[in-house]
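Below: the structure, in structure tokens.
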Amino acid sequence: MLIARVIGDVVASQKVPSHEGRKILVVQPLGLDGSDRGEAVLALDAVGAGVGERVLLSMEGFSAMTAVGRPNSPIDAAVIGVIDAVDLDTGV
């Protein structure tokens with residue numbers, strides 16, 4: 001799983017049947033310090049996340065398919081949680 005920020009929506013007039021009824025979001029993976037980490041990706045939304053929210057992102061195909069209840073579907077990434085807070089133990 002990764003931490004990411006939702007930066008946009010994708011509007012698709014046609015989708016494969018396995019994607020119908022699900023939002024597609026543009027998400028930017030983040031480092032633990034909140035900085036951008038790599039390129040933005042598209043992910044199916046399983047939790048009703050919105051633009052600007054920090055989310056948990058599953059990037060494993062099987063885990064992503066299972067999280068959105070669409071087994072055997074062409075899904076690489078899924079938003080599986082909305083993050084309220086992150087606490088890091090710095091060991092100090």
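Going by the structure tokens order, chains are called A, B, ..., each with residues numbered from 1, while ligands are numbered from 1 in the order shown.
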Inset, instruction - Would you please give, as a VMD selection string, all residues of chain A that DSSP assigns to strand (DSSP E) based on the backbone? - result: chain A and resid 2 to 10 24 to 30 41 to 45 54 to 58 78 to 82
If you keep N, CA and C atoms, can you produce a file of those selected residues as a tab-separated table (two decimals), in the first residue's frame?
chain	number	residue	atom	x	y	z
A	2	LEU	N	0.33	2.28	-0.57
A	2	LEU	CA	1.00	3.57	-0.61
A	2	LEU	C	0.07	4.64	-0.06
A	3	ILE	N	0.66	5.74	0.38
A	3	ILE	CA	-0.10	6.94	0.70
A	3	ILE	C	-0.14	7.78	-0.57
A	4	ALA	N	-1.30	8.36	-0.88
A	4	ALA	CA	-1.43	9.18	-2.09
A	4	ALA	C	-2.41	10.32	-1.81
A	5	ARG	N	-2.44	11.27	-2.72
A	5	ARG	CA	-3.39	12.39	-2.67
A	5	ARG	C	-4.22	12.35	-3.94
A	6	VAL	N	-5.53	12.51	-3.79
A	6	VAL	CA	-6.41	12.55	-4.96
A	6	VAL	C	-6.26	13.93	-5.59
A	7	ILE	N	-5.88	13.94	-6.88
A	7	ILE	CA	-5.68	15.23	-7.57
A	7	ILE	C	-6.66	15.46	-8.71
A	8	GLY	N	-7.54	14.50	-8.97
A	8	GLY	CA	-8.51	14.70	-10.04
A	8	GLY	C	-9.42	13.50	-10.26
A	9	ASP	N	-10.41	13.71	-11.11
A	9	ASP	CA	-11.35	12.65	-11.49
A	9	ASP	C	-11.17	12.38	-12.98
A	10	VAL	N	-11.58	11.20	-13.39
A	10	VAL	CA	-11.63	10.87	-14.81
A	10	VAL	C	-13.09	10.65	-15.16
A	24	ILE	N	-13.29	6.72	-11.25
A	24	ILE	CA	-11.87	6.58	-11.54
A	24	ILE	C	-11.22	7.88	-11.08
A	25	LEU	N	-10.21	7.76	-10.24
A	25	LEU	CA	-9.53	8.93	-9.69
A	25	LEU	C	-8.10	9.03	-10.20
A	26	VAL	N	-7.60	10.25	-10.29
A	26	VAL	CA	-6.19	10.50	-10.56
A	26	VAL	C	-5.55	10.73	-9.19
A	27	VAL	N	-4.58	9.90	-8.84
A	27	VAL	CA	-3.94	9.99	-7.52
A	27	VAL	C	-2.44	10.13	-7.67
A	28	GLN	N	-1.86	10.96	-6.80
A	28	GLN	CA	-0.43	11.20	-6.78
A	28	GLN	C	0.17	10.50	-5.57
A	29	PRO	N	0.97	9.44	-5.78
A	29	PRO	CA	1.64	8.80	-4.64
A	29	PRO	C	2.53	9.81	-3.90
A	30	LEU	N	2.63	9.63	-2.58
A	30	LEU	CA	3.37	10.57	-1.74
A	30	LEU	C	4.43	9.83	-0.93
A	41	VAL	N	-1.14	8.25	-10.99
A	41	VAL	CA	-1.73	7.05	-11.58
A	41	VAL	C	-3.25	7.14	-11.51
A	42	LEU	N	-3.92	6.28	-12.27
A	42	LEU	CA	-5.37	6.17	-12.22
A	42	LEU	C	-5.72	5.01	-11.30
A	43	ALA	N	-6.77	5.19	-10.49
A	43	ALA	CA	-7.19	4.14	-9.57
A	43	ALA	C	-8.71	4.13	-9.45
A	44	LEU	N	-9.28	2.94	-9.34
A	44	LEU	CA	-10.70	2.82	-9.07
A	44	LEU	C	-10.94	3.14	-7.60
A	45	ASP	N	-12.01	3.87	-7.33
A	45	ASP	CA	-12.33	4.31	-5.98
A	45	ASP	C	-13.26	3.31	-5.30
A	54	ARG	N	-6.11	12.68	1.33
A	54	ARG	CA	-5.04	11.68	1.36
A	54	ARG	C	-5.69	10.33	1.49
A	55	VAL	N	-5.17	9.36	0.75
A	55	VAL	CA	-5.81	8.05	0.68
A	55	VAL	C	-4.78	6.93	0.76
A	56	LEU	N	-5.27	5.72	1.04
A	56	LEU	CA	-4.47	4.51	0.93
A	56	LEU	C	-4.67	3.96	-0.47
A	57	LEU	N	-3.59	3.64	-1.12
A	57	LEU	CA	-3.63	3.19	-2.51
A	57	LEU	C	-3.04	1.80	-2.61
A	58	SER	N	-3.81	0.87	-3.16
A	58	SER	CA	-3.32	-0.48	-3.43
A	58	SER	C	-2.87	-0.51	-4.88
A	78	ALA	N	-6.27	0.67	-6.78
A	78	ALA	CA	-7.56	1.01	-6.16
A	78	ALA	C	-7.32	1.87	-4.93
A	79	VAL	N	-8.19	2.85	-4.73
A	79	VAL	CA	-8.19	3.64	-3.51
A	79	VAL	C	-9.01	2.83	-2.51
A	80	ILE	N	-8.37	2.44	-1.38
A	80	ILE	CA	-9.02	1.54	-0.44
A	80	ILE	C	-9.24	2.15	0.94
A	81	GLY	N	-8.88	3.40	1.14
A	81	GLY	CA	-9.11	4.05	2.42
A	81	GLY	C	-8.83	5.53	2.34
A	82	VAL	N	-9.49	6.30	3.21
A	82	VAL	CA	-9.23	7.73	3.35
A	82	VAL	C	-8.46	7.91	4.65
Legend entry - Selection: 12 Å around A:Ser13, only C-alpha atoms, excl. self and same-chain fewer than 6 positions, as a list in words: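 Returned residues: His19, Glu20, Gly21, Lys23 and Ile24 of chain A.
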Inset, instruction - Identify all residues of chain A in alpha helix (DSSP H) (DSSP on the backbone) and supply them as number ranges by chain. - result: A: 61-67
I need the chosen residues saved as a tab-separated table (two decimals), in the first residue's frame, with C-alpha atoms.
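Output saved as part-v8.tsv:
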chain	number	residue	atom	x	y	z
A	61	GLY	CA	-3.53	-6.03	-9.27
A	62	PHE	CA	-5.11	-8.87	-7.27
A	63	SER	CA	-5.45	-6.76	-4.12
A	64	ALA	CA	-6.92	-3.87	-6.10
A	65	MET	CA	-9.45	-6.11	-7.87
A	66	THR	CA	-10.50	-7.71	-4.60
A	67	ALA	CA	-10.76	-4.36	-2.76
Inset, instruction - One decimal, Å: what's the distance from atom CA of A:Gly48 over to atom CA of A:Lys15, could you say? - result: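 Calculated distance between atom CA of A:Gly48 and atom CA of A:Lys15 is 18.3 Å.
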Inset, instruction - Kindly give the distance, in Å, that separates atom CA of A:Ala77 and atom CA of A:Thr90, rounded to a single decimal. - result: 29.6 Å
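Straight-line separation from atom CA of A:Pro74 to atom CA of A:Pro17: 10.5 Å.
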Inset, instruction - Identify which of the residues A:Arg22, A:Gln14, A:Asp33, A:Val47 lies closest to A:Asp87, counting only C-alpha atoms when measuring atom-to-atom distances. - result: A:Asp33
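Take the candidates A:Glu53, A:Gly38, A:Val68, A:Ser18 and check each one against A:Ala85 using only C-alpha atoms; the shortest distance goes to A:Glu53.
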